[in-house]
Amino acid sequence: MTMDKTVTTPREAVADIPDGASLAVGGFGLCGNPMALITALLEVGSTDLSVVSNNCGVDDWGLGVLLGAGRIREMTSSYVGENKEFERQYLSGELVVNLTPQGTLAEKLRAGGSGIAAFFTQTGVGTQMAEGGLPRRYNPDGTIAESSQPKETRPFLVDGVEKPFVLEEAITTDFSLVHALRGDRHGNLVFNKSARNFSPLAAMAGRVCIAQVEELVEPGEIDPDAVHLPGVFVHRIVAVGSGIEKRVERRTVRETEGARS
């Protein structure tokens, strides 16, 4: 691998993602979505994708763009409530869905990127998350076509008390797509605020990590203490500029004191 990991365009960066590939995609809500890479992947035409991401965007933004075009076969997510097309595809049997608790999903990605095969957690014990039966795919008539399988549960001593824990397997994917505020040519990345929630973890989980950055700088310009994800995890980096569109999921405002009077 060369030290300079820059590529010229988003399309060049994703050109070799084949049909049937698995992807880990960064972002949190509509924040930190790698839209240039998602749009380029839509143009490339890759389909039958299995995607892991905290959520699936909305109907016209984020991963919702790929979903609406029928490019996603399977989705592993925590939160899916803002996307009407997601709901339609899931309930009609067009989309396989693996619902996963948010913290568990984050740890599954981190574990995959760290070479850890699985881990035990208390999250989900005593629910369908551990015992099986969560609908993964529906039939067109609304009946359940496929359900989740039971997971191994074991007791562990915690503060002298035996408590049950459920085994969760790590996640690794063929590719990962992330958006970062800043990056250097060696792939060291800095994320902005809540965009940091899932993006470093998604990046780690991909065997080939592709990062779009608003600002591309030379090696050494980022203080090592400021690096959120070291370049060892990143394989391609493309500059998209700071003028890209950024969506706000829900804007809430309140009157100021002066406005009331």
# chains A, B, ... in the order shown; residues from 1 in each chain; ligands from 1
>>> closest_atom_pairs(of="segment 115-227 of chain A", to="segment 10-33 of chain A", cutoff="6 Å", atoms="only C-alpha atoms", output="Markdown table")
| residue | atom | partner | partner_atom | distance |
| --- | --- | --- | --- | --- |
| A:Thr173 | CA | A:Ser22 | CA | 5.1 |
| A:Asp174 | CA | A:Ser22 | CA | 5.2 |
| A:Phe175 | CA | A:Leu23 | CA | 4.9 |
| A:Ser176 | CA | A:Ala24 | CA | 4.5 |
| A:Leu177 | CA | A:Val25 | CA | 4.9 |
| A:Val178 | CA | A:Gly26 | CA | 4.8 |
| A:His179 | CA | A:Gly32 | CA | 5.6 |
| A:Ala195 | CA | A:Gly32 | CA | 4.6 |
| A:Phe198 | CA | A:Gly26 | CA | 5.5 |
| A:Ser199 | CA | A:Gly26 | CA | 4.0 |
| A:Ala202 | CA | A:Ala24 | CA | 5.1 |
>>> select_by_dssp(residues="segment 32-193 of chain A", states="strand (DSSP E or B)", output="ChimeraX atom specification")
/A:49-52,58,61,72-77,96-99,118-121,135-138,144-147,153-158,161-169,173-184,189-190
>>> atom_distance(atom1="atom CA of His235 of chain A", atom2="atom CA of Glu107 of chain A")
21.9 Å
>>> select_by_dssp(residues="segment 127-247 of chain A", states="helix (DSSP H, G or I)", output="list of chain:residue names")
A:Gln128, A:Met129, A:Ala130, A:Glu131, A:Lys193, A:Ser194, A:Ala195, A:Arg196, A:Ser199, A:Pro200, A:Leu201, A:Ala202, A:Ala203, A:Met204, A:Ala205, A:Pro224, A:Asp225, A:Ala226, A:Gly231, A:Val232, A:Phe233
>>> closest_residue(among="A:Arg88, A:His228, A:Arg250, A:Lys5", to="Tyr138 of chain A", atoms="only C-alpha atoms")
A:Arg88
>>> residues_around(residues="Ile222 of chain A", least_positions_apart="2", cutoff="10 Å", atoms="only C-alpha atoms", output="JSON, numbers by chain")
{"A": [182, 183, 184, 188, 189, 190, 217, 218, 219, 220, 224, 225, 226, 227]}
>>> write_last_selection(atoms="C-alpha atoms", output="PDB file, in the first residue's frame")
ATOM      1  CA  ARG A 182     -10.254  16.695   7.731  1.00  0.00           C
ATOM      2  CA  GLY A 183      -7.746  14.126   6.556  1.00  0.00           C
ATOM      3  CA  ASP A 184      -4.179  13.904   5.313  1.00  0.00           C
ATOM      4  CA  ASN A 188      -5.380  10.053   9.208  1.00  0.00           C
ATOM      5  CA  LEU A 189      -8.873  11.437   9.876  1.00  0.00           C
ATOM      6  CA  VAL A 190     -10.565  14.006  12.110  1.00  0.00           C
ATOM      7  CA  VAL A 217      -3.974  18.399   4.178  1.00  0.00           C
ATOM      8  CA  GLU A 218      -0.390  17.237   3.985  1.00  0.00           C
ATOM      9  CA  PRO A 219       1.042  14.634   6.397  1.00  0.00           C
ATOM     10  CA  GLY A 220       2.136  16.294   9.626  1.00  0.00           C
ATOM     11  CA  PRO A 224      -1.210  13.450  16.269  1.00  0.00           C
ATOM     12  CA  ASP A 225      -3.235  14.118  19.429  1.00  0.00           C
ATOM     13  CA  ALA A 226      -6.122  15.350  17.262  1.00  0.00           C
ATOM     14  CA  VAL A 227      -6.364  12.234  15.062  1.00  0.00           C
TER      15      VAL A 227
END
>>> residues_around(residues="Arg136 of chain A", least_positions_apart="6", cutoff="12 Å", atoms="only C-alpha atoms", output="list in words")
Arg73, Glu74, Met75, Thr76, Ser77, Gln89, Tyr90, Leu91, Ser92, Gly93, Glu94, Leu95, Val96, Val97, Asn98, Leu99, Thr100, Gln128, Met129, Thr143, Ile144, Ala145, Glu146, Ser147, Ser148 and Gln149 of chain A
>>> write_last_selection(atoms="N, CA and C atoms", output="PDB file, in the first residue's frame")
ATOM      1  N   ARG A  73     -30.092  -4.907  -0.457  1.00  0.00           N
ATOM      2  CA  ARG A  73     -30.791  -6.168  -0.199  1.00  0.00           C
ATOM      3  C   ARG A  73     -31.029  -6.393   1.285  1.00  0.00           C
ATOM      4  N   GLU A  74     -30.044  -6.010   2.113  1.00  0.00           N
ATOM      5  CA  GLU A  74     -30.098  -6.299   3.544  1.00  0.00           C
ATOM      6  C   GLU A  74     -29.549  -5.112   4.313  1.00  0.00           C
ATOM      7  N   MET A  75     -30.200  -4.779   5.421  1.00  0.00           N
ATOM      8  CA  MET A  75     -29.806  -3.627   6.227  1.00  0.00           C
ATOM      9  C   MET A  75     -29.667  -4.039   7.677  1.00  0.00           C
ATOM     10  N   THR A  76     -28.520  -3.710   8.291  1.00  0.00           N
ATOM     11  CA  THR A  76     -28.311  -3.912   9.715  1.00  0.00           C
ATOM     12  C   THR A  76     -28.236  -2.540  10.360  1.00  0.00           C
ATOM     13  N   SER A  77     -29.207  -2.207  11.208  1.00  0.00           N
ATOM     14  CA  SER A  77     -29.350  -0.845  11.729  1.00  0.00           C
ATOM     15  C   SER A  77     -29.885  -0.852  13.147  1.00  0.00           C
ATOM     16  N   GLN A  89     -40.496  -1.242   2.107  1.00  0.00           N
ATOM     17  CA  GLN A  89     -39.734  -2.385   1.599  1.00  0.00           C
ATOM     18  C   GLN A  89     -39.650  -3.501   2.640  1.00  0.00           C
ATOM     19  N   TYR A  90     -39.469  -3.127   3.895  1.00  0.00           N
ATOM     20  CA  TYR A  90     -39.366  -4.125   4.958  1.00  0.00           C
ATOM     21  C   TYR A  90     -40.667  -4.906   5.106  1.00  0.00           C
ATOM     22  N   LEU A  91     -41.783  -4.194   5.205  1.00  0.00           N
ATOM     23  CA  LEU A  91     -43.063  -4.851   5.456  1.00  0.00           C
ATOM     24  C   LEU A  91     -43.586  -5.604   4.232  1.00  0.00           C
ATOM     25  N   SER A  92     -43.091  -5.268   3.040  1.00  0.00           N
ATOM     26  CA  SER A  92     -43.528  -5.967   1.828  1.00  0.00           C
ATOM     27  C   SER A  92     -42.621  -7.140   1.468  1.00  0.00           C
ATOM     28  N   GLY A  93     -41.549  -7.341   2.252  1.00  0.00           N
ATOM     29  CA  GLY A  93     -40.663  -8.466   1.996  1.00  0.00           C
ATOM     30  C   GLY A  93     -39.546  -8.200   1.013  1.00  0.00           C
ATOM     31  N   GLU A  94     -39.348  -6.934   0.637  1.00  0.00           N
ATOM     32  CA  GLU A  94     -38.289  -6.605  -0.324  1.00  0.00           C
ATOM     33  C   GLU A  94     -36.934  -6.406   0.339  1.00  0.00           C
ATOM     34  N   LEU A  95     -36.924  -6.219   1.650  1.00  0.00           N
ATOM     35  CA  LEU A  95     -35.704  -5.865   2.368  1.00  0.00           C
ATOM     36  C   LEU A  95     -35.553  -6.732   3.609  1.00  0.00           C
ATOM     37  N   VAL A  96     -34.351  -7.298   3.786  1.00  0.00           N
ATOM     38  CA  VAL A  96     -34.017  -8.028   5.004  1.00  0.00           C
ATOM     39  C   VAL A  96     -33.468  -7.029   6.012  1.00  0.00           C
ATOM     40  N   VAL A  97     -33.943  -7.070   7.254  1.00  0.00           N
ATOM     41  CA  VAL A  97     -33.543  -6.104   8.272  1.00  0.00           C
ATOM     42  C   VAL A  97     -33.065  -6.828   9.526  1.00  0.00           C
ATOM     43  N   ASN A  98     -31.885  -6.447   9.984  1.00  0.00           N
ATOM     44  CA  ASN A  98     -31.341  -6.955  11.240  1.00  0.00           C
ATOM     45  C   ASN A  98     -31.307  -5.799  12.237  1.00  0.00           C
ATOM     46  N   LEU A  99     -32.355  -5.675  13.058  1.00  0.00           N
ATOM     47  CA  LEU A  99     -32.393  -4.609  14.054  1.00  0.00           C
ATOM     48  C   LEU A  99     -31.425  -4.945  15.190  1.00  0.00           C
ATOM     49  N   THR A 100     -30.620  -3.973  15.572  1.00  0.00           N
ATOM     50  CA  THR A 100     -29.561  -4.188  16.555  1.00  0.00           C
ATOM     51  C   THR A 100     -29.509  -3.006  17.512  1.00  0.00           C
ATOM     52  N   GLN A 128     -36.305 -10.773  22.483  1.00  0.00           N
ATOM     53  CA  GLN A 128     -36.139 -11.463  21.204  1.00  0.00           C
ATOM     54  C   GLN A 128     -34.746 -11.237  20.612  1.00  0.00           C
ATOM     55  N   MET A 129     -34.059 -10.188  21.069  1.00  0.00           N
ATOM     56  CA  MET A 129     -32.702  -9.944  20.602  1.00  0.00           C
ATOM     57  C   MET A 129     -31.809 -11.139  20.944  1.00  0.00           C
ATOM     58  N   THR A 143     -47.143 -11.861   6.639  1.00  0.00           N
ATOM     59  CA  THR A 143     -46.666 -12.908   7.536  1.00  0.00           C
ATOM     60  C   THR A 143     -45.135 -12.898   7.562  1.00  0.00           C
ATOM     61  N   ILE A 144     -44.574 -13.481   8.614  1.00  0.00           N
ATOM     62  CA  ILE A 144     -43.116 -13.466   8.776  1.00  0.00           C
ATOM     63  C   ILE A 144     -42.490 -14.576   7.948  1.00  0.00           C
ATOM     64  N   ALA A 145     -41.562 -14.210   7.074  1.00  0.00           N
ATOM     65  CA  ALA A 145     -40.864 -15.181   6.226  1.00  0.00           C
ATOM     66  C   ALA A 145     -39.604 -15.715   6.888  1.00  0.00           C
ATOM     67  N   GLU A 146     -38.940 -14.874   7.680  1.00  0.00           N
ATOM     68  CA  GLU A 146     -37.678 -15.282   8.306  1.00  0.00           C
ATOM     69  C   GLU A 146     -37.497 -14.504   9.600  1.00  0.00           C
ATOM     70  N   SER A 147     -37.113 -15.206  10.655  1.00  0.00           N
ATOM     71  CA  SER A 147     -36.901 -14.580  11.959  1.00  0.00           C
ATOM     72  C   SER A 147     -35.462 -14.759  12.411  1.00  0.00           C
ATOM     73  N   SER A 148     -35.057 -13.937  13.361  1.00  0.00           N
ATOM     74  CA  SER A 148     -33.710 -14.068  13.917  1.00  0.00           C
ATOM     75  C   SER A 148     -33.598 -15.347  14.734  1.00  0.00           C
ATOM     76  N   GLN A 149     -32.385 -15.865  14.818  1.00  0.00           N
ATOM     77  CA  GLN A 149     -32.122 -17.101  15.551  1.00  0.00           C
ATOM     78  C   GLN A 149     -31.709 -16.796  16.986  1.00  0.00           C
TER      79      GLN A 149
END
>>> residues_around(residues="Glu82 of chain A", least_positions_apart="4", cutoff="12 Å", atoms="only C-alpha atoms", output="number ranges by chain")
A: 29-30, 55-64, 78, 86-88, 249-250
>>> residues_around(residues="segment 159-172 of chain A", least_positions_apart="2", cutoff="9 Å", atoms="only C-alpha atoms", output="PyMOL selection string")
chain A and resi 22-24+52+104-105+107-113+115-126+129-130+151-157+174-175+202+204-207
>>> atom_distance(atom1="atom CA of Pro200 of chain A", atom2="atom CA of Leu66 of chain A")
21.8 Å
>>> closest_residue(among="A:Val80, A:Leu216, A:Leu67, A:Val208", to="Val232 of chain A", atoms="only C-alpha atoms")
A:Val208
>>> atom_distance(atom1="atom CA of Glu85 of chain A", atom2="atom CA of Val240 of chain A")
28.0 Å
